[in-house]
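Peer 1: This one is input.txt, compact mmCIF, C-alpha atoms.
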# COMPACT_ATOMS: atom_id res chain seq x y z
CA MET N 1 5.15 -19.98 52.03
CA ARG N 2 5.51 -17.44 49.24
CA ILE N 3 5.27 -18.95 45.76
CA ILE N 4 5.80 -17.25 42.41
CA GLY N 5 3.89 -18.77 39.53
CA ILE N 6 5.21 -18.05 36.06
CA ASP N 7 3.63 -18.44 32.63
CA PRO N 8 6.55 -18.13 30.18
CA GLY N 9 6.40 -16.31 26.87
CA THR N 10 8.47 -13.93 24.82
CA ALA N 11 5.97 -11.13 24.28
CA ILE N 12 4.32 -11.64 27.69
CA VAL N 13 5.57 -13.44 30.80
CA GLY N 14 2.78 -13.68 33.35
CA TYR N 15 3.57 -13.88 37.04
CA GLY N 16 1.65 -14.17 40.27
CA ILE N 17 3.00 -14.20 43.81
CA ILE N 18 0.87 -15.82 46.48
CA ASP N 19 1.37 -16.28 50.20
CA PHE N 20 0.04 -19.62 51.39
CA ASN N 21 -0.34 -20.47 55.06
CA LYS N 22 -2.68 -22.51 57.24
CA GLU N 23 -5.24 -19.71 57.57
CA GLU N 24 -5.51 -18.33 54.03
CA SER N 25 -4.02 -17.89 50.62
CA LYS N 26 -3.50 -14.31 49.50
CA LEU N 27 -2.45 -12.88 46.17
CA ILE N 28 0.40 -10.49 46.97
CA THR N 29 0.93 -9.20 43.46
CA SER N 30 0.54 -10.25 39.86
CA GLY N 31 1.34 -8.82 36.50
CA SER N 32 3.30 -9.35 33.36
CA ILE N 33 6.66 -8.66 31.84
CA GLN N 34 5.98 -7.42 28.32
CA THR N 35 8.55 -7.05 25.58
CA GLU N 36 8.30 -5.15 22.33
CA LYS N 37 7.67 -7.25 19.24
CA GLY N 38 10.10 -5.50 16.88
CA LYS N 39 13.13 -5.77 19.15
CA PRO N 40 15.81 -8.44 18.69
CA ASP N 41 15.32 -11.68 20.63
CA SER N 42 18.45 -10.99 22.67
CA THR N 43 17.05 -7.65 23.84
CA ARG N 44 13.68 -9.15 24.72
CA LEU N 45 15.24 -12.03 26.65
CA TYR N 46 17.50 -9.64 28.54
CA GLU N 47 14.46 -7.52 29.50
CA ILE N 48 12.75 -10.65 30.86
CA HIS N 49 15.92 -11.48 32.80
CA GLN N 50 16.24 -8.03 34.33
CA ASP N 51 12.56 -7.55 35.14
CA LEU N 52 12.21 -11.00 36.73
CA LYS N 53 15.25 -10.34 38.93
CA LEU N 54 13.67 -7.10 40.15
CA ILE N 55 10.36 -8.85 40.94
CA ILE N 56 12.19 -11.58 42.87
CA LYS N 57 14.28 -9.07 44.82
CA LYS N 58 11.17 -7.06 45.75
CA TYR N 59 8.84 -9.92 46.77
CA GLU N 60 11.32 -12.65 47.84
CA PRO N 61 9.43 -15.81 46.85
CA LYS N 62 10.85 -19.06 48.22
CA VAL N 63 9.52 -21.41 45.54
CA ALA N 64 8.71 -21.08 41.84
CA SER N 65 6.06 -22.94 39.87
CA VAL N 66 6.76 -22.61 36.15
CA GLU N 67 4.53 -23.79 33.33
CA LYS N 68 6.27 -26.34 31.09
CA LEU N 69 6.18 -26.35 27.33
CA PHE N 70 3.83 -29.12 26.38
CA PHE N 71 2.66 -28.79 22.80
CA PHE N 72 2.81 -26.03 20.24
CA LYS N 73 1.35 -25.94 16.75
CA ASN N 74 3.64 -23.11 15.67
CA GLN N 75 7.31 -24.17 15.50
CA LYS N 76 8.47 -20.53 15.44
CA THR N 77 6.62 -19.77 18.68
CA VAL N 78 7.87 -22.84 20.52
CA ILE N 79 11.49 -21.83 20.01
CA SER N 80 11.04 -18.31 21.38
CA VAL N 81 9.01 -19.56 24.36
CA ALA N 82 11.68 -22.19 25.06
CA GLN N 83 14.30 -19.44 25.04
CA SER N 84 12.22 -17.41 27.48
CA ARG N 85 11.82 -20.44 29.76
CA GLY N 86 15.59 -20.89 29.71
CA VAL N 87 16.13 -17.31 30.86
CA ILE N 88 13.44 -17.65 33.54
CA LEU N 89 14.87 -20.92 34.89
CA SER N 90 18.38 -19.43 34.89
CA VAL N 91 17.25 -16.38 36.89
CA LEU N 92 15.37 -18.55 39.40
CA GLU N 93 18.38 -20.84 39.82
CA GLY N 94 20.70 -17.84 40.24
CA GLU N 95 18.43 -16.43 42.94
CA LYS N 96 18.42 -19.82 44.75
CA ILE N 97 14.66 -20.31 44.35
CA GLU N 98 13.46 -23.90 44.32
CA ILE N 99 11.86 -24.65 40.93
CA PHE N 100 8.90 -26.90 40.17
CA GLU N 101 7.50 -27.35 36.67
CA TYR N 102 4.00 -28.35 35.58
CA THR N 103 2.40 -28.91 32.19
CA PRO N 104 -0.74 -26.93 31.33
CA MET N 105 -2.74 -30.16 31.71
CA GLU N 106 -1.34 -30.76 35.22
CA ILE N 107 -2.21 -27.20 36.23
CA LYS N 108 -5.75 -27.48 34.86
CA LEU N 109 -6.23 -30.82 36.62
CA ALA N 110 -5.07 -29.41 39.96
CA ILE N 111 -7.23 -26.30 39.69
CA THR N 112 -10.46 -27.69 38.18
CA GLY N 113 -10.19 -31.45 38.48
CA TYR N 114 -10.24 -31.71 34.67
CA GLY N 115 -7.03 -31.62 32.59
CA ARG N 116 -8.73 -30.21 29.52
CA ALA N 117 -10.55 -27.34 31.23
CA THR N 118 -10.87 -24.06 29.35
CA LYS N 119 -8.98 -20.91 30.34
CA THR N 120 -12.29 -19.45 31.53
CA GLN N 121 -12.96 -22.45 33.79
CA VAL N 122 -9.46 -22.22 35.26
CA ALA N 123 -9.78 -18.46 35.86
CA GLU N 124 -13.16 -18.91 37.59
CA MET N 125 -11.74 -21.54 39.95
CA VAL N 126 -8.67 -19.39 40.69
CA LYS N 127 -10.98 -16.51 41.66
CA LYS N 128 -12.68 -18.80 44.19
CA MET N 129 -9.42 -20.11 45.64
CA ILE N 130 -7.51 -16.98 46.62
CA LYS N 131 -8.06 -13.60 48.21
CA TYR N 132 -7.40 -10.72 45.86
CA GLU N 133 -8.39 -7.10 45.48
CA LYS N 134 -8.41 -6.92 41.69
CA PHE N 135 -8.25 -10.02 39.51
CA PRO N 136 -5.88 -9.69 36.52
CA LYS N 137 -7.30 -9.29 33.04
CA LEU N 138 -4.47 -10.96 31.11
CA ASP N 139 -4.74 -14.73 30.57
CA ASP N 140 -0.97 -14.99 31.04
CA THR N 141 -1.21 -13.53 34.54
CA ALA N 142 -4.18 -15.72 35.50
CA ASP N 143 -2.28 -18.76 34.18
CA ALA N 144 0.72 -17.83 36.34
CA ILE N 145 -1.48 -17.56 39.43
CA ALA N 146 -2.95 -20.96 38.57
CA ALA N 147 0.58 -22.39 38.35
CA ALA N 148 1.34 -21.15 41.88
CA ILE N 149 -1.89 -22.64 43.23
CA CYS N 150 -1.14 -25.92 41.43
CA HIS N 151 2.14 -26.23 43.27
CA ASN N 152 0.47 -25.46 46.57
CA ILE N 153 -2.15 -28.16 45.93
CA ASN N 154 0.47 -30.73 44.88
CA TYR N 155 2.69 -30.10 47.89
CA GLY N 156 -0.06 -29.52 50.45
CA VAL N 157 1.11 -26.27 52.00
CA ILE N 158 -2.58 -25.65 52.77
CA ASN N 159 -5.92 -26.70 51.37
CA VAL N 160 -7.30 -23.96 49.12
Go through the file and emit its structure as structure tokens.
Peer 2:
Amino acid sequence: MRIIGIDPGTAIVGYGIIDFNKEESKLITSGSIQTEKGKPDSTRLYEIHQDLKLIIKKYEPKVASVEKLFFFKNQKTVISVAQSRGVILSVLEGEKIEIFEYTPMEIKLAITGYGRATKTQVAEMVKKMIKYEKFPKLDDTADAIAAAICHNINYGVINV
């Protein structure tokens, strides 16, 4: 099964696409959709919409695992991330991709066994769980890959 994991944001949307089957789990691609800070929100959200559609068309994931908003200290940030999530969910729905959502704590728990694990601990476990040629440097991309693995673990496609 091909799963796209998504870590929503406005400046950076991380994504990771993984093939899971009985023999192995393999990272197909990962990256980020990055928007320019000075542009209007509408422009940035449209860029996310268009880029995500292209990624989906190219890699044809069957399922999406999207990180939920859980808690934000900065009210200004939470609104823009919520808008980005709305665009992402709309694109996924329009492309007929089944959507599953997980909080950061649920993802950390699935990956490390501890819901309050650090980003470094999560990234280290992700590196052990999948085959990849070059592990991404951006936290947003690693978080997206973790979201895909979390869904796989919760739905038992294979044991990673």
Peer 1: Go through N:Ile88, N:Thr29, N:Ile130, N:Lys76 and flag the residue nearest N:Gln50, using all atoms listed in the file for the distances.
Peer 2: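 So, comparing all the options, the nearest one is N:Ile88.
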Peer 1: Quick check, in Å to one decimal: how far apart do atom CA of N:Phe100 and atom CA of N:Glu36 lie?
Peer 2: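 Going from atom CA of N:Phe100 over to atom CA of N:Glu36, I get 28.1 Å.
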Peer 1: Would you pick out the contacts of N:Ile153 at 12 Å or less, using only C-alpha atoms, so that residues sharing its chain but fewer than 2 positions from it are not included, and give the list as a PDB file with C-alpha atoms, keeping the file's coordinate frame?
Peer 2:
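Generated file (result_20.pdb):
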ATOM      1  CA  ILE N   3       5.270 -18.950  45.760  1.00  0.00           C
ATOM      2  CA  PHE N  20       0.040 -19.620  51.390  1.00  0.00           C
ATOM      3  CA  SER N  25      -4.020 -17.890  50.620  1.00  0.00           C
ATOM      4  CA  SER N  65       6.060 -22.940  39.870  1.00  0.00           C
ATOM      5  CA  GLU N 106      -1.340 -30.760  35.220  1.00  0.00           C
ATOM      6  CA  ILE N 107      -2.210 -27.200  36.230  1.00  0.00           C
ATOM      7  CA  LYS N 108      -5.750 -27.480  34.860  1.00  0.00           C
ATOM      8  CA  LEU N 109      -6.230 -30.820  36.620  1.00  0.00           C
ATOM      9  CA  ALA N 110      -5.070 -29.410  39.960  1.00  0.00           C
ATOM     10  CA  ILE N 111      -7.230 -26.300  39.690  1.00  0.00           C
ATOM     11  CA  THR N 112     -10.460 -27.690  38.180  1.00  0.00           C
ATOM     12  CA  GLY N 113     -10.190 -31.450  38.480  1.00  0.00           C
ATOM     13  CA  MET N 129      -9.420 -20.110  45.640  1.00  0.00           C
ATOM     14  CA  ALA N 146      -2.950 -20.960  38.570  1.00  0.00           C
ATOM     15  CA  ALA N 147       0.580 -22.390  38.350  1.00  0.00           C
ATOM     16  CA  ALA N 148       1.340 -21.150  41.880  1.00  0.00           C
ATOM     17  CA  ILE N 149      -1.890 -22.640  43.230  1.00  0.00           C
ATOM     18  CA  CYS N 150      -1.140 -25.920  41.430  1.00  0.00           C
ATOM     19  CA  HIS N 151       2.140 -26.230  43.270  1.00  0.00           C
ATOM     20  CA  TYR N 155       2.690 -30.100  47.890  1.00  0.00           C
ATOM     21  CA  GLY N 156      -0.060 -29.520  50.450  1.00  0.00           C
ATOM     22  CA  VAL N 157       1.110 -26.270  52.000  1.00  0.00           C
ATOM     23  CA  ILE N 158      -2.580 -25.650  52.770  1.00  0.00           C
ATOM     24  CA  ASN N 159      -5.920 -26.700  51.370  1.00  0.00           C
ATOM     25  CA  VAL N 160      -7.300 -23.960  49.120  1.00  0.00           C
TER      26      VAL N 160
END
Peer 1: Kindly provide, as a list in words, the polymer residues lying within 8 Å of (0.7, -28.5, 28.7), counting only C-alpha atoms and using the coordinates exactly as they appear in the file.
Peer 2: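 Those residues lying close to the given coordinates are Glu67, Lys68, Leu69, Phe70, Phe71, Tyr102, Thr103, Pro104, Met105 and Glu106 of chain N.
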Peer 1: Save the residues we just selected, C-alpha atoms, as a short mmCIF file (atom, residue, chain, number, x, y, z; two decimals), keeping the file's coordinate frame?
Peer 2:
data_model
loop_
_atom_site.label_atom_id
_atom_site.label_comp_id
_atom_site.auth_asym_id
_atom_site.auth_seq_id
_atom_site.Cartn_x
_atom_site.Cartn_y
_atom_site.Cartn_z
CA GLU N 67 4.53 -23.79 33.33
CA LYS N 68 6.27 -26.34 31.09
CA LEU N 69 6.18 -26.35 27.33
CA PHE N 70 3.83 -29.12 26.38
CA PHE N 71 2.66 -28.79 22.80
CA TYR N 102 4.00 -28.35 35.58
CA THR N 103 2.40 -28.91 32.19
CA PRO N 104 -0.74 -26.93 31.33
CA MET N 105 -2.74 -30.16 31.71
CA GLU N 106 -1.34 -30.76 35.22
#
Peer 1: Using atom CA of N:Tyr132 and atom CA of N:Glu93 as the two end points, give the distance in Å to one decimal.
Peer 2: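 Between atom CA of N:Tyr132 and atom CA of N:Glu93 the gap is 28.3 Å.
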Peer 1: Go through N:Ile18, N:Pro8, N:Glu24, N:Gly38 one by one, measure the shortest atom-to-atom distance of each to N:Val87 using only C-alpha atoms, and give the residue with the smallest value.
Peer 2: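 Selected residue with least distance to N:Val87: N:Pro8.
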Peer 1: For stretch 143-156 of chain N, what centre and edge lengths in Å (one decimal) does the axis-aligned box get once 3 Å is added on each side of all its listed atoms, as lines of an AutoDock Vina configuration file?
Peer 2:
center_x = -0.1
center_y = -24.1
center_z = 42.3
size_x = 11.6
size_y = 19.2
size_z = 22.3
Peer 1: Any idea what's packed within 12 Å of N:Lys57, counting all atoms listed in the file, ignoring anything in its chain fewer than 5 positions away? Could you give it as a short mmCIF file (atom, residue, chain, number, x, y, z; two decimals) with C-alpha atoms, keeping the file's coordinate frame?
Peer 2:
data_model
loop_
_atom_site.label_atom_id
_atom_site.label_comp_id
_atom_site.auth_asym_id
_atom_site.auth_seq_id
_atom_site.Cartn_x
_atom_site.Cartn_y
_atom_site.Cartn_z
CA GLN N 50 16.24 -8.03 34.33
CA ASP N 51 12.56 -7.55 35.14
CA LEU N 52 12.21 -11.00 36.73
CA LYS N 62 10.85 -19.06 48.22
CA VAL N 91 17.25 -16.38 36.89
CA LEU N 92 15.37 -18.55 39.40
CA GLY N 94 20.70 -17.84 40.24
CA GLU N 95 18.43 -16.43 42.94
CA LYS N 96 18.42 -19.82 44.75
CA ILE N 97 14.66 -20.31 44.35
#
Peer 1: What separation in Å, quoted to one decimal, exists between atom CA of N:Leu138 and atom CA of N:Ile4?
Peer 2: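 Separating atom CA of N:Leu138 from atom CA of N:Ile4 is a distance of 16.5 Å.
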Peer 1: Just checking: using all atoms listed in the file, which residue out of N:Val78, N:Ile145, N:Val63, N:Met1 ends up closest to N:Lys131?
Peer 2: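 Going through N:Val78, N:Ile145, N:Val63, N:Met1 one by one, the smallest distance to N:Lys131 is for N:Ile145.
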Peer 1: What lies within 7 Å of N:Ser32 using only C-alpha atoms, ignoring chain neighbours under 2 positions off, as number ranges by chain?
Peer 2: N: 12-15, 34, 141
Peer 1: With distances taken over only C-alpha atoms, which residue among N:Ile6, N:Ile33, N:Ala117, N:Val126 lies nearest N:Tyr46?
Peer 2: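 The answer is N:Ile33, which sits nearest to N:Tyr46.
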Peer 1: Between N:Ala11, N:Ile28, N:Met125, N:Ala64, which has the minimum distance to N:Arg44 (counting all atoms listed in the file)?
Peer 2: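 Under the stated criterion, the closest residue is N:Ala11.
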Peer 1: From the list N:Thr10, N:Gln83, N:Gly5, N:Pro40, which residue is nearest N:Ile99 when using all atoms listed in the file?
Peer 2: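 Nearest to N:Ile99: N:Gly5.
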